[in-house]
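> Below is the file protein20.cif, which contains mmCIF, C-alpha atoms.
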data_target
loop_
_atom_site.label_atom_id
_atom_site.label_comp_id
_atom_site.auth_asym_id
_atom_site.auth_seq_id
_atom_site.Cartn_x
_atom_site.Cartn_y
_atom_site.Cartn_z
CA MET A 112 4.57 -48.68 -32.75
CA THR A 113 5.54 -49.08 -29.11
CA ASN A 114 5.36 -52.58 -27.71
CA TYR A 115 2.28 -53.12 -25.58
CA THR A 116 1.95 -56.05 -23.19
CA LYS A 117 -1.23 -56.51 -21.21
CA LEU A 118 0.25 -56.83 -17.76
CA PRO A 119 -2.14 -56.94 -14.78
CA ALA A 120 -3.24 -53.66 -13.18
CA VAL A 121 -5.45 -52.63 -10.27
CA LEU A 122 -7.93 -49.81 -9.73
CA LEU A 123 -8.73 -49.09 -6.07
CA LEU A 124 -11.42 -46.61 -4.99
CA ALA A 125 -11.37 -44.71 -1.70
CA ASP A 126 -14.34 -46.73 -0.40
CA GLY A 127 -12.30 -49.94 -0.76
CA THR A 128 -13.83 -51.17 -4.02
CA VAL A 129 -11.29 -52.97 -6.23
CA PHE A 130 -11.31 -53.55 -9.99
CA HIS A 131 -8.76 -55.75 -11.74
CA GLY A 132 -7.77 -55.00 -15.32
CA LYS A 133 -4.84 -54.72 -17.70
CA ALA A 134 -2.02 -52.17 -17.79
CA ALA A 135 -2.13 -49.43 -20.43
CA GLY A 136 0.01 -46.37 -21.02
CA LYS A 137 3.06 -46.11 -18.78
CA ILE A 138 3.72 -48.84 -16.24
CA GLY A 139 3.40 -47.07 -12.90
CA THR A 140 1.04 -45.71 -10.25
CA THR A 141 -1.23 -42.67 -10.34
CA THR A 142 -3.84 -41.08 -8.10
CA GLY A 143 -6.65 -38.54 -8.40
CA GLU A 144 -10.38 -37.99 -8.07
CA ILE A 145 -12.22 -40.47 -10.26
CA CYS A 146 -14.90 -39.14 -12.62
CA PHE A 147 -16.58 -40.25 -15.84
CA ASN A 148 -17.37 -38.63 -19.17
CA THR A 149 -20.29 -39.91 -21.28
CA GLY A 150 -19.05 -38.51 -24.61
CA MET A 151 -19.09 -40.89 -27.56
CA THR A 152 -16.18 -39.12 -29.27
CA GLY A 153 -13.52 -36.48 -28.63
CA TYR A 154 -11.35 -38.49 -26.23
CA GLN A 155 -8.21 -36.57 -27.20
CA GLU A 156 -9.81 -33.20 -26.43
CA ILE A 157 -11.00 -34.60 -23.08
CA PHE A 158 -7.53 -35.89 -22.17
CA THR A 159 -5.98 -32.45 -22.82
CA ASP A 160 -8.66 -30.30 -21.14
CA PRO A 161 -6.93 -28.51 -18.20
CA SER A 162 -10.20 -28.68 -16.22
CA TYR A 163 -9.50 -32.40 -15.74
CA PHE A 164 -6.13 -31.80 -14.07
CA GLY A 165 -5.81 -34.05 -11.01
CA GLN A 166 -8.60 -36.40 -12.08
CA ILE A 167 -8.71 -40.02 -13.20
CA MET A 168 -11.01 -40.21 -16.21
CA VAL A 169 -13.40 -43.10 -16.85
CA THR A 170 -14.64 -43.15 -20.44
CA THR A 171 -18.08 -44.70 -20.80
CA ASN A 172 -17.70 -45.21 -24.55
CA ALA A 173 -16.52 -48.78 -25.05
CA HIS A 174 -13.71 -48.05 -27.56
CA ILE A 175 -10.90 -45.60 -26.83
CA GLY A 176 -7.99 -45.02 -29.19
CA ASN A 177 -9.72 -46.37 -32.29
CA TYR A 178 -9.13 -43.22 -34.38
CA GLY A 179 -5.65 -42.51 -33.00
CA ILE A 180 -4.07 -39.23 -31.93
CA ASN A 181 -3.83 -36.10 -34.08
CA LYS A 182 -1.55 -33.58 -32.40
CA GLU A 183 -3.46 -30.64 -33.92
CA GLU A 184 -6.59 -31.59 -31.97
CA THR A 185 -5.36 -30.95 -28.44
CA GLU A 186 -6.94 -28.42 -26.07
CA SER A 187 -3.65 -27.71 -24.27
CA GLU A 188 0.02 -28.54 -24.60
CA LYS A 189 -0.12 -31.89 -22.81
CA ILE A 190 -2.36 -34.60 -21.36
CA GLN A 191 -4.02 -33.14 -18.26
CA ILE A 192 -5.83 -36.15 -16.78
CA ALA A 193 -4.01 -38.03 -14.01
CA GLY A 194 -4.93 -41.40 -15.50
CA LEU A 195 -7.40 -43.24 -17.73
CA VAL A 196 -9.83 -46.08 -17.06
CA CYS A 197 -11.47 -47.68 -20.09
CA LYS A 198 -12.96 -50.90 -21.41
CA ASN A 199 -11.36 -51.46 -24.82
CA TYR A 200 -7.98 -49.80 -25.30
CA ASN A 201 -7.34 -49.82 -29.03
CA ILE A 202 -3.72 -49.56 -30.18
CA ALA A 203 -4.47 -49.96 -33.88
CA TYR A 204 -6.22 -46.91 -35.33
CA SER A 205 -8.18 -46.26 -38.50
CA ARG A 206 -7.72 -42.56 -39.28
CA LYS A 207 -5.15 -41.56 -41.91
CA GLN A 208 -4.74 -38.12 -40.34
CA ALA A 209 -3.60 -39.60 -37.01
CA ASP A 210 0.02 -39.06 -35.98
CA GLU A 211 0.36 -41.94 -33.52
CA SER A 212 -1.43 -44.51 -31.40
CA ILE A 213 -2.96 -43.82 -28.02
CA GLN A 214 -0.35 -46.10 -26.41
CA ASP A 215 2.55 -44.09 -27.87
CA TYR A 216 0.82 -40.89 -26.74
CA PHE A 217 0.37 -41.99 -23.13
CA GLN A 218 3.84 -43.49 -22.87
CA GLU A 219 5.47 -40.34 -24.21
CA GLN A 220 3.71 -38.28 -21.54
CA ASN A 221 4.13 -40.79 -18.69
CA ILE A 222 0.45 -41.34 -18.03
CA THR A 223 -0.59 -44.58 -16.29
CA CYS A 224 -3.87 -46.18 -17.38
CA ILE A 225 -5.94 -49.33 -16.89
CA SER A 226 -8.09 -51.13 -19.47
CA ASP A 227 -10.33 -54.19 -19.63
CA ILE A 228 -12.49 -52.79 -16.82
CA ASP A 229 -16.27 -53.21 -16.68
CA THR A 230 -16.85 -49.47 -16.99
CA ARG A 231 -20.63 -49.83 -16.82
CA GLN A 232 -20.35 -51.40 -13.38
CA LEU A 233 -17.76 -48.81 -12.32
CA VAL A 234 -19.85 -45.83 -13.46
CA ARG A 235 -22.97 -47.16 -11.72
CA HIS A 236 -20.91 -47.48 -8.54
CA ILE A 237 -19.59 -43.91 -8.78
CA ARG A 238 -23.08 -42.59 -9.51
CA ASP A 239 -24.41 -44.30 -6.38
CA LYS A 240 -21.50 -43.51 -4.05
CA GLY A 241 -20.44 -40.11 -5.37
CA ALA A 242 -17.11 -38.62 -6.40
CA MET A 243 -14.09 -40.04 -4.57
CA ASN A 244 -10.35 -40.47 -4.88
CA ALA A 245 -8.83 -43.50 -6.59
CA ILE A 246 -5.50 -45.07 -7.44
CA ILE A 247 -4.37 -47.01 -10.53
CA SER A 248 -1.27 -49.17 -10.43
CA SER A 249 0.42 -51.59 -12.80
CA GLU A 250 3.53 -51.87 -10.62
CA ILE A 251 1.97 -52.38 -7.16
CA LEU A 252 -0.70 -55.07 -6.92
CA ASP A 253 -0.84 -55.33 -3.13
CA ILE A 254 -4.17 -53.82 -2.07
CA GLU A 255 -3.07 -52.85 1.44
CA GLU A 256 -0.08 -50.95 0.10
CA LEU A 257 -2.33 -49.17 -2.40
CA LYS A 258 -4.78 -48.25 0.36
CA LYS A 259 -1.95 -46.60 2.29
CA LYS A 260 -0.88 -44.55 -0.73
CA LEU A 261 -4.46 -43.57 -1.53
CA SER A 262 -5.09 -42.35 2.03
CA GLU A 263 -2.42 -39.69 1.49
CA VAL A 264 -4.18 -38.11 -1.52
CA PRO A 265 -5.92 -34.80 -0.69
CA SER A 266 -9.61 -34.25 -1.41
CA MET A 267 -10.56 -32.09 -4.40
CA ASP A 268 -12.74 -30.12 -1.98
CA GLY A 269 -10.66 -27.11 -0.99
CA LEU A 270 -7.91 -27.76 -3.55
CA GLU A 271 -6.53 -24.86 -5.62
CA LEU A 272 -5.20 -26.20 -8.94
CA SER A 273 -5.60 -23.48 -11.56
CA SER A 274 -2.22 -21.89 -10.83
CA GLN A 275 -0.63 -25.26 -11.72
CA VAL A 276 -2.14 -25.41 -15.22
CA SER A 277 -2.13 -21.70 -16.10
CA THR A 278 0.38 -20.21 -18.50
CA ASN A 279 3.57 -18.89 -16.93
CA GLU A 280 4.00 -16.16 -19.53
CA THR A 281 1.52 -13.93 -21.32
CA TYR A 282 0.84 -14.66 -24.98
CA THR A 283 -1.49 -13.44 -27.70
CA PHE A 284 -3.92 -15.21 -30.02
CA GLY A 285 -5.53 -13.88 -33.19
CA ASN A 286 -5.19 -10.79 -35.35
CA GLU A 287 -3.54 -7.89 -33.53
CA ASN A 288 -5.41 -5.45 -35.79
CA ALA A 289 -8.83 -6.85 -34.82
CA PRO A 290 -11.39 -4.28 -33.61
CA TYR A 291 -11.85 -5.93 -30.19
CA ARG A 292 -9.31 -6.87 -27.55
CA VAL A 293 -10.04 -9.36 -24.77
CA ALA A 294 -7.90 -10.06 -21.72
CA VAL A 295 -8.11 -13.76 -20.88
CA LEU A 296 -7.48 -14.80 -17.27
CA ASP A 297 -6.05 -18.26 -17.82
CA LEU A 298 -7.24 -20.62 -15.10
CA GLY A 299 -6.97 -23.59 -17.48
CA VAL A 300 -8.22 -22.14 -20.76
CA LYS A 301 -8.93 -24.44 -23.72
CA LYS A 302 -7.53 -23.65 -27.16
CA ASN A 303 -10.93 -23.76 -28.80
CA ILE A 304 -12.13 -20.88 -26.64
CA LEU A 305 -9.34 -18.77 -28.09
CA ARG A 306 -10.22 -19.98 -31.60
CA ASN A 307 -13.81 -18.87 -31.05
CA PHE A 308 -12.61 -15.38 -30.16
CA SER A 309 -10.31 -15.24 -33.17
CA ASP A 310 -13.15 -16.39 -35.45
CA ARG A 311 -15.12 -13.34 -34.30
CA ASP A 312 -12.32 -10.89 -35.03
CA VAL A 313 -11.27 -10.60 -31.40
CA TYR A 314 -7.60 -10.28 -30.44
CA ALA A 315 -6.92 -12.10 -27.14
CA LYS A 316 -4.07 -11.72 -24.71
CA VAL A 317 -3.77 -14.58 -22.23
CA TYR A 318 -2.53 -13.86 -18.71
CA PRO A 319 -1.30 -16.11 -15.86
CA ALA A 320 -3.92 -17.00 -13.26
CA LYS A 321 -2.70 -14.62 -10.55
CA THR A 322 -2.41 -11.52 -12.76
CA SER A 323 -4.21 -8.55 -11.23
CA PHE A 324 -6.93 -6.56 -12.95
CA GLU A 325 -4.77 -3.45 -12.76
CA GLU A 326 -1.89 -5.14 -14.56
CA MET A 327 -4.11 -6.45 -17.39
CA GLU A 328 -5.84 -3.10 -17.77
CA LYS A 329 -2.60 -1.12 -17.94
CA ASP A 330 -0.83 -3.59 -20.23
CA PHE A 331 -3.56 -4.26 -22.81
CA GLN A 332 -6.42 -1.75 -22.42
CA PRO A 333 -8.88 -4.51 -23.36
CA ASN A 334 -12.47 -4.00 -24.47
CA GLY A 335 -13.53 -6.91 -22.28
CA TYR A 336 -12.40 -9.63 -19.90
CA PHE A 337 -12.80 -13.40 -20.15
CA ILE A 338 -12.56 -15.64 -17.06
CA SER A 339 -11.71 -19.16 -18.17
CA ASN A 340 -12.54 -22.70 -17.21
CA GLY A 341 -10.13 -24.65 -15.02
CA PRO A 342 -9.66 -27.33 -12.33
CA GLY A 343 -10.09 -27.38 -8.58
CA ASP A 344 -12.29 -25.72 -5.99
CA PRO A 345 -13.33 -22.15 -6.90
CA SER A 346 -13.74 -21.16 -3.24
CA ALA A 347 -10.00 -21.81 -2.76
CA MET A 348 -9.12 -19.04 -5.25
CA PRO A 349 -9.36 -15.67 -3.44
CA TYR A 350 -6.92 -14.13 -5.92
CA ALA A 351 -9.27 -14.82 -8.85
CA ILE A 352 -12.38 -13.76 -6.94
CA ASP A 353 -10.69 -10.43 -6.22
CA THR A 354 -9.84 -9.97 -9.91
CA VAL A 355 -13.45 -10.61 -10.93
CA LYS A 356 -14.64 -8.06 -8.34
CA LYS A 357 -12.27 -5.47 -9.76
CA VAL A 358 -13.53 -6.07 -13.31
CA LEU A 359 -17.10 -5.61 -12.07
CA GLU A 360 -16.18 -2.42 -10.20
CA ALA A 361 -14.65 -1.03 -13.38
CA ASP A 362 -17.88 -1.87 -15.24
CA LYS A 363 -16.04 -3.73 -18.00
CA PRO A 364 -17.75 -6.34 -20.20
CA MET A 365 -17.01 -9.80 -18.79
CA PHE A 366 -17.73 -13.39 -19.83
CA GLY A 367 -17.02 -16.48 -17.73
CA ILE A 368 -17.14 -20.17 -18.61
CA CYS A 369 -17.35 -23.05 -16.09
CA LEU A 370 -14.87 -22.11 -13.33
CA GLY A 371 -15.30 -18.53 -14.51
CA HIS A 372 -19.04 -18.89 -13.87
CA GLN A 373 -18.43 -20.07 -10.32
CA LEU A 374 -16.00 -17.21 -9.68
CA LEU A 375 -18.53 -14.65 -10.92
CA ALA A 376 -21.03 -16.09 -8.45
CA LEU A 377 -18.51 -15.98 -5.58
CA ALA A 378 -17.62 -12.38 -6.45
CA ASN A 379 -21.29 -11.54 -5.91
CA GLY A 380 -21.56 -13.28 -2.54
CA ILE A 381 -23.04 -16.53 -3.88
CA PRO A 382 -21.37 -19.68 -2.49
CA THR A 383 -20.31 -22.73 -4.49
CA LYS A 384 -20.49 -26.40 -3.55
CA LYS A 385 -18.88 -29.70 -4.48
CA MET A 386 -21.38 -31.83 -6.38
CA PHE A 387 -22.17 -35.42 -5.43
CA ASN A 388 -21.37 -36.23 -9.04
CA GLY A 389 -20.38 -33.61 -11.57
CA HIS A 390 -21.70 -33.06 -15.09
CA ARG A 391 -19.35 -34.44 -17.74
CA GLY A 392 -20.55 -35.25 -21.23
CA LEU A 393 -21.80 -33.88 -24.54
CA ASN A 394 -25.58 -34.10 -24.27
CA HIS A 395 -26.75 -32.09 -21.25
CA PRO A 396 -30.00 -30.20 -21.95
CA VAL A 397 -30.01 -26.58 -20.81
CA LYS A 398 -32.84 -24.06 -21.09
CA ASN A 399 -32.07 -20.43 -21.83
CA ILE A 400 -34.91 -18.88 -19.86
CA ILE A 401 -34.25 -15.41 -21.29
CA LYS A 402 -34.64 -16.50 -24.91
CA ASP A 403 -36.98 -19.41 -24.06
CA HIS A 404 -35.12 -22.09 -25.97
CA CYS A 405 -33.28 -25.31 -25.19
CA GLU A 406 -29.72 -26.11 -26.18
CA VAL A 407 -27.75 -29.36 -25.96
CA THR A 408 -24.48 -28.62 -24.20
CA SER A 409 -21.01 -29.95 -23.50
CA GLN A 410 -20.20 -30.00 -19.78
CA ASN A 411 -17.29 -30.68 -17.46
CA HIS A 412 -17.52 -29.60 -13.84
CA GLY A 413 -17.50 -31.09 -10.35
CA PHE A 414 -18.47 -27.90 -8.52
CA GLY A 415 -21.55 -25.73 -8.93
CA VAL A 416 -23.18 -22.60 -7.55
CA VAL A 417 -25.71 -22.90 -4.72
CA GLN A 418 -29.11 -22.69 -6.39
CA ASP A 419 -31.08 -21.10 -3.54
CA ALA A 420 -28.43 -18.43 -3.04
CA VAL A 421 -28.56 -17.46 -6.71
CA ARG A 422 -32.33 -17.14 -6.67
CA ALA A 423 -32.22 -15.10 -3.46
CA SER A 424 -29.54 -12.73 -4.73
CA ASP A 425 -30.37 -9.14 -5.56
CA LYS A 426 -27.15 -8.80 -7.59
CA VAL A 427 -27.57 -11.50 -10.25
CA GLU A 428 -30.34 -13.19 -12.19
CA VAL A 429 -30.61 -16.69 -13.61
CA THR A 430 -30.28 -17.02 -17.38
CA HIS A 431 -29.85 -20.79 -17.91
CA VAL A 432 -31.11 -23.88 -16.07
CA ASN A 433 -30.13 -27.54 -16.42
CA LEU A 434 -33.22 -29.53 -17.41
CA ASN A 435 -31.91 -32.75 -15.83
CA ASP A 436 -31.48 -31.52 -12.26
CA GLN A 437 -32.53 -27.83 -12.32
CA SER A 438 -29.03 -26.67 -11.36
CA ILE A 439 -28.04 -23.14 -12.32
CA GLU A 440 -26.22 -23.12 -15.68
CA GLY A 441 -26.01 -19.39 -16.35
CA ILE A 442 -26.24 -16.02 -14.62
CA ARG A 443 -25.85 -12.35 -15.48
CA VAL A 444 -25.09 -9.47 -13.15
CA LYS A 445 -27.83 -6.88 -12.87
CA ASP A 446 -26.83 -3.43 -14.16
CA LYS A 447 -23.47 -4.78 -15.41
CA LYS A 448 -22.22 -6.16 -18.70
CA ALA A 449 -21.16 -9.41 -17.08
CA PHE A 450 -22.49 -12.93 -17.59
CA SER A 451 -21.36 -16.53 -17.31
CA VAL A 452 -22.36 -20.10 -18.06
CA GLN A 453 -21.50 -23.34 -16.30
CA TYR A 454 -21.16 -25.35 -19.51
CA HIS A 455 -18.76 -25.17 -22.48
CA PRO A 456 -20.03 -23.21 -25.52
CA GLU A 457 -16.70 -23.75 -27.30
CA SER A 458 -17.85 -27.40 -27.32
CA SER A 459 -14.62 -29.20 -28.03
CA PRO A 460 -15.83 -31.89 -28.18
CA GLY A 461 -19.57 -31.44 -28.35
CA PRO A 462 -22.58 -29.79 -30.02
CA HIS A 463 -22.47 -26.20 -31.32
CA ASP A 464 -25.83 -25.04 -29.95
CA SER A 465 -24.25 -22.52 -27.55
CA ARG A 466 -21.72 -20.73 -29.77
CA TYR A 467 -24.03 -17.69 -29.76
CA LEU A 468 -22.67 -16.80 -26.31
CA PHE A 469 -19.42 -15.62 -27.88
CA ASP A 470 -21.47 -13.39 -30.17
CA ASP A 471 -23.35 -12.04 -27.15
CA PHE A 472 -20.04 -11.13 -25.52
CA VAL A 473 -18.82 -9.34 -28.66
CA ASP A 474 -22.09 -7.42 -28.74
CA LEU A 475 -21.47 -6.24 -25.16
CA MET A 476 -18.08 -4.90 -26.23
CA LYS A 477 -19.65 -3.16 -29.23
CA ASP A 478 -22.05 -1.34 -26.93
CA LYS A 479 -19.31 -0.26 -24.51
#
Show me, as structure tokens, the structure contained in the file I just sent.

Amino acid sequence: MTNYTKLPAVLLLADGTVFHGKAAGKIGTTTGEICFNTGMTGYQEIFTDPSYFGQIMVTTNAHIGNYGINKEETESEKIQIAGLVCKNYNIAYSRKQADESIQDYFQEQNITCISDIDTRQLVRHIRDKGAMNAIISSEILDIEELKKKLSEVPSMDGLELSSQVSTNETYTFGNENAPYRVAVLDLGVKKNILRNFSDRDVYAKVYPAKTSFEEMEKDFQPNGYFISNGPGDPSAMPYAIDTVKKVLEADKPMFGICLGHQLLALANGIPTKKMFNGHRGLNHPVKNIIKDHCEVTSQNHGFGVVQDAVRASDKVEVTHVNLNDQSIEGIRVKDKKAFSVQYHPESSPGPHDSRYLFDDFVDLMKDK
């Protein structure tokens, strides 16, 4: 086990608020937009979710690292968060299936973290003040120097990040003899989404973020298209919006999750917005107003579609609504086989209430 010494560390928020804690992970300095996730479990899946690229994650659960790291349970090939803020950082772990400690994991991947923070106070502050940039350092403790470094960090608003986390080369997932073929536009896709397709006898081919519709169509002749989750501002992605428009023009079955949901809205003339605070956790109640039932959902997004614009649109209709704040959680395009949801039905981690959406997509391909 790697040696771990609790050296002092500092967390500085863009509004000047300072928290003092202890160093964890790699000794160093890191920046990003600070956000929090309310999940009680699944920290490893959260760390490796590409949608969190460029963000400093605050975990509200008091104990992080207590069941170790199992390398089979990642949602991408590496840690995607820019840094971690937690209360109790547990080096010793209890699970026999674990491969290593959280400290070894973060040190191997050069991720700087801070522990021994009052995360309840921090989360209340973020909830009141809204999303903002932050800096963690265990090598620089001078606040004025940290303020200077933090002032140079760009806002998430207007930032295009998906091309930085997307695959560089196409690859396939599942049984090549499966009856259905789906082209996946990888904007930060999670492994469990691909597993859900494979479980339903769907063969997926995953393409880099800036692949055109024409290239995917010619190369794979898919039965349907999937537009993935991912990080950054959807309005800063004209290349992806154009691809979604082309899929709609070709009248191909299409399913979008999270960022894919926002891109489907933008492709239909509906604007998106940066939220005061995003939705990140495993227990968000959503009502399916088409089927008239409620589902508990896993969520991770800092942008959303503009509610009034969705309701005023003659191109799409609302399918799902968040019961906490009435934000739009799902839409479908009128007279097209295209739909999307803002939340994560692959639910890794999270509840399985929404897995039926993958079945709905397969049904659209059956009818094609």
> Expand the PyMOL selection byres ((chain A and resi 192) around 7) into the individual residues it matches in the shown file, reporting them as number ranges by chain.
A: 158, 163-168, 190-191, 193-194
> Any chance you can output those residues with C-alpha atoms as a JSON list (two decimals), keeping the file's coordinate frame?

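Saved as selection19.json:
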[["chain", "number", "residue", "atom", "x", "y", "z"],
["A", 158, "PHE", "CA", -7.53, -35.89, -22.17],
["A", 163, "TYR", "CA", -9.50, -32.40, -15.74],
["A", 164, "PHE", "CA", -6.13, -31.80, -14.07],
["A", 165, "GLY", "CA", -5.81, -34.05, -11.01],
["A", 166, "GLN", "CA", -8.60, -36.40, -12.08],
["A", 167, "ILE", "CA", -8.71, -40.02, -13.20],
["A", 168, "MET", "CA", -11.01, -40.21, -16.21],
["A", 190, "ILE", "CA", -2.36, -34.60, -21.36],
["A", 191, "GLN", "CA", -4.02, -33.14, -18.26],
["A", 193, "ALA", "CA", -4.01, -38.03, -14.01],
["A", 194, "GLY", "CA", -4.93, -41.40, -15.50]]
> Selection in question (the file shown): the PyMOL selection byres ((chain A and resi 221) around 12). Which residues does it include, as a list in words?
Ala135, Gly136, Lys137, Ile138, Gly139, Thr140, Thr141, Lys189, Ile190, Gln191, Ile192, Ala193, Gly194, Leu195, Gln214, Asp215, Tyr216, Phe217, Gln218, Glu219, Gln220, Ile222, Thr223 and Cys224 of chain A
> Write the residues of the preceding selection, restricted to C-alpha atoms, as a compact mmCIF listing (two decimals), in the coordinates of the input.

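Resulting contents of selection30.txt:
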# COMPACT_ATOMS: atom_id res chain seq x y z
CA ALA A 135 -2.13 -49.43 -20.43
CA GLY A 136 0.01 -46.37 -21.02
CA LYS A 137 3.06 -46.11 -18.78
CA ILE A 138 3.72 -48.84 -16.24
CA GLY A 139 3.40 -47.07 -12.90
CA THR A 140 1.04 -45.71 -10.25
CA THR A 141 -1.23 -42.67 -10.34
CA LYS A 189 -0.12 -31.89 -22.81
CA ILE A 190 -2.36 -34.60 -21.36
CA GLN A 191 -4.02 -33.14 -18.26
CA ILE A 192 -5.83 -36.15 -16.78
CA ALA A 193 -4.01 -38.03 -14.01
CA GLY A 194 -4.93 -41.40 -15.50
CA LEU A 195 -7.40 -43.24 -17.73
CA GLN A 214 -0.35 -46.10 -26.41
CA ASP A 215 2.55 -44.09 -27.87
CA TYR A 216 0.82 -40.89 -26.74
CA PHE A 217 0.37 -41.99 -23.13
CA GLN A 218 3.84 -43.49 -22.87
CA GLU A 219 5.47 -40.34 -24.21
CA GLN A 220 3.71 -38.28 -21.54
CA ILE A 222 0.45 -41.34 -18.03
CA THR A 223 -0.59 -44.58 -16.29
CA CYS A 224 -3.87 -46.18 -17.38
> Taking the file as shown, what set of residues would the PyMOL selection byres ((chain A and resi 352-357) around 6) give back, as a PyMOL selection string?
chain A and resi 323-324+349-351+358-360+374+378
> Would you save the residues of that selection, restricted to C-alpha atoms, as a CSV table (one decimal), in the frame of the given file?

chain,number,residue,atom,x,y,z
A,323,SER,CA,-4.2,-8.6,-11.2
A,324,PHE,CA,-6.9,-6.6,-13.0
A,349,PRO,CA,-9.4,-15.7,-3.4
A,350,TYR,CA,-6.9,-14.1,-5.9
A,351,ALA,CA,-9.3,-14.8,-8.8
A,358,VAL,CA,-13.5,-6.1,-13.3
A,359,LEU,CA,-17.1,-5.6,-12.1
A,360,GLU,CA,-16.2,-2.4,-10.2
A,374,LEU,CA,-16.0,-17.2,-9.7
A,378,ALA,CA,-17.6,-12.4,-6.4
> Using only C-alpha atoms, collect all residues at a distance of at most 10 Å from (-27.6, -4.8, -12.2) as written in the file, then present them as a PDB file with C-alpha atoms, in the coordinates of the input.

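Writing done, so here's result.pdb:
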ATOM      1  CA  ASP A 425     -30.370  -9.140  -5.560  1.00  0.00           C
ATOM      2  CA  LYS A 426     -27.150  -8.800  -7.590  1.00  0.00           C
ATOM      3  CA  VAL A 427     -27.570 -11.500 -10.250  1.00  0.00           C
ATOM      4  CA  GLU A 428     -30.340 -13.190 -12.190  1.00  0.00           C
ATOM      5  CA  ARG A 443     -25.850 -12.350 -15.480  1.00  0.00           C
ATOM      6  CA  VAL A 444     -25.090  -9.470 -13.150  1.00  0.00           C
ATOM      7  CA  LYS A 445     -27.830  -6.880 -12.870  1.00  0.00           C
ATOM      8  CA  ASP A 446     -26.830  -3.430 -14.160  1.00  0.00           C
ATOM      9  CA  LYS A 447     -23.470  -4.780 -15.410  1.00  0.00           C
ATOM     10  CA  LYS A 448     -22.220  -6.160 -18.700  1.00  0.00           C
ATOM     11  CA  ALA A 449     -21.160  -9.410 -17.080  1.00  0.00           C
TER      12      ALA A 449
END
> Near region 283-299 of chain A, counting only C-alpha atoms, which residues have an atom at most 7 Å away, once you skip same-chain residues fewer than 4 positions from it, shown as a list in words?
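Final neighbour list, sorted by chain and number: Pro161, Ser162, Ser273, Ser274, Val276, Ser277, Thr278, Leu305, Ser309, Asp312, Val313, Tyr314, Ala315, Lys316, Val317, Tyr318, Pro319, Ala320, Met327, Pro333, Asn334, Gly335, Tyr336, Phe337, Ile338, Ser339, Asn340, Gly341 and Pro342 of chain A.
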> Out of A:Gly380, A:Gly132, A:Pro364, A:Gly153, which residue has the shortest atom-to-atom distance to Ser458 (chain A) when counting all atoms listed in the file?
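With all atoms listed in the file as the atom set, the closest residue is A:Gly153.
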> Pick out the residues sitting within 12 Å of Asp470 (chain A), and hand them over as a VMD selection string; count all atoms listed in the file, and ignore anything fewer than 6 positions along from it in its own chain.
chain A and resid 307 to 313 366 456 to 457 476 to 477
> Work out how far CA of Ala134 (chain A) is from CA of Leu257 (chain A), in Å to one decimal.
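One can read the CA of Leu257 (chain A) to CA of Ala134 (chain A) distance as 15.7 Å.
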> Determine, counting only C-alpha atoms, every residue of protein, DNA or RNA that lies within 8 Å of (-31.0, -18.5, -19.7) in the file coordinates, then give the result as a PDB file with C-alpha atoms, in the frame of the given file.

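Once written, selection-v7.pdb looks like this:
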ATOM      1  CA  LYS A 398     -32.840 -24.060 -21.090  1.00  0.00           C
ATOM      2  CA  ASN A 399     -32.070 -20.430 -21.830  1.00  0.00           C
ATOM      3  CA  ILE A 400     -34.910 -18.880 -19.860  1.00  0.00           C
ATOM      4  CA  ILE A 401     -34.250 -15.410 -21.290  1.00  0.00           C
ATOM      5  CA  LYS A 402     -34.640 -16.500 -24.910  1.00  0.00           C
ATOM      6  CA  ASP A 403     -36.980 -19.410 -24.060  1.00  0.00           C
ATOM      7  CA  VAL A 429     -30.610 -16.690 -13.610  1.00  0.00           C
ATOM      8  CA  THR A 430     -30.280 -17.020 -17.380  1.00  0.00           C
ATOM      9  CA  HIS A 431     -29.850 -20.790 -17.910  1.00  0.00           C
ATOM     10  CA  VAL A 432     -31.110 -23.880 -16.070  1.00  0.00           C
ATOM     11  CA  GLU A 440     -26.220 -23.120 -15.680  1.00  0.00           C
ATOM     12  CA  GLY A 441     -26.010 -19.390 -16.350  1.00  0.00           C
ATOM     13  CA  ILE A 442     -26.240 -16.020 -14.620  1.00  0.00           C
TER      14      ILE A 442
END
> From the list A:Cys146, A:Ile228, A:Met151, A:Val169, which residue is nearest Lys133 (chain A) when using all atoms listed in the file?
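Checking each of A:Cys146, A:Ile228, A:Met151, A:Val169 against Lys133 (chain A), counting all atoms listed in the file, the winner is A:Ile228.
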> Using only C-alpha atoms, which residue out of A:Glu406, A:Gly269, A:Lys363, A:Ala423 lies closest to Tyr467 (chain A)?
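Comparing A:Glu406, A:Gly269, A:Lys363, A:Ala423 against Tyr467 (chain A), the winner is A:Glu406.
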> Take CA of Met386 (chain A) and CA of Gly127 (chain A) and report the distance between them in Å, one decimal.
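If I compute the distance from CA of Met386 (chain A) to CA of Gly127 (chain A), I get 21.0 Å.
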> My list of candidates is A:Val417, A:Phe472, A:Asp330, A:Thr383. Which is closest to Met365 (chain A) when distances are computed with all atoms listed in the file?
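That would be A:Phe472, the residue with the smallest distance to Met365 (chain A).
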> Could you tell me how far CA of Ile381 (chain A) sits from CA of Asn411 (chain A), in Å to one decimal place?
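The value is 20.4 Å.
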> Rank A:Ile157, A:Val264, A:Met348, A:Ile246 by their smallest atom-to-atom distance to Thr185 (chain A), using all atoms listed in the file, and report the top residue only.
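Smallest separation from Thr185 (chain A) among the options: A:Ile157.
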> May I have the residues within 7 Å of Tyr454 (chain A) as an mmCIF file with C-alpha atoms, keeping the file's coordinate frame, using only C-alpha atoms and disregarding those fewer than 3 positions away in the same chain?

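Saved to out-v6.cif:
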data_model
loop_
_atom_site.group_PDB
_atom_site.id
_atom_site.type_symbol
_atom_site.label_atom_id
_atom_site.label_comp_id
_atom_site.auth_asym_id
_atom_site.auth_seq_id
_atom_site.Cartn_x
_atom_site.Cartn_y
_atom_site.Cartn_z
ATOM 1 C CA ILE A 368 -17.140 -20.170 -18.610
ATOM 2 C CA CYS A 369 -17.350 -23.050 -16.090
ATOM 3 C CA THR A 408 -24.480 -28.620 -24.200
ATOM 4 C CA SER A 409 -21.010 -29.950 -23.500
ATOM 5 C CA GLN A 410 -20.200 -30.000 -19.780
ATOM 6 C CA ASN A 411 -17.290 -30.680 -17.460
ATOM 7 C CA GLU A 440 -26.220 -23.120 -15.680
#
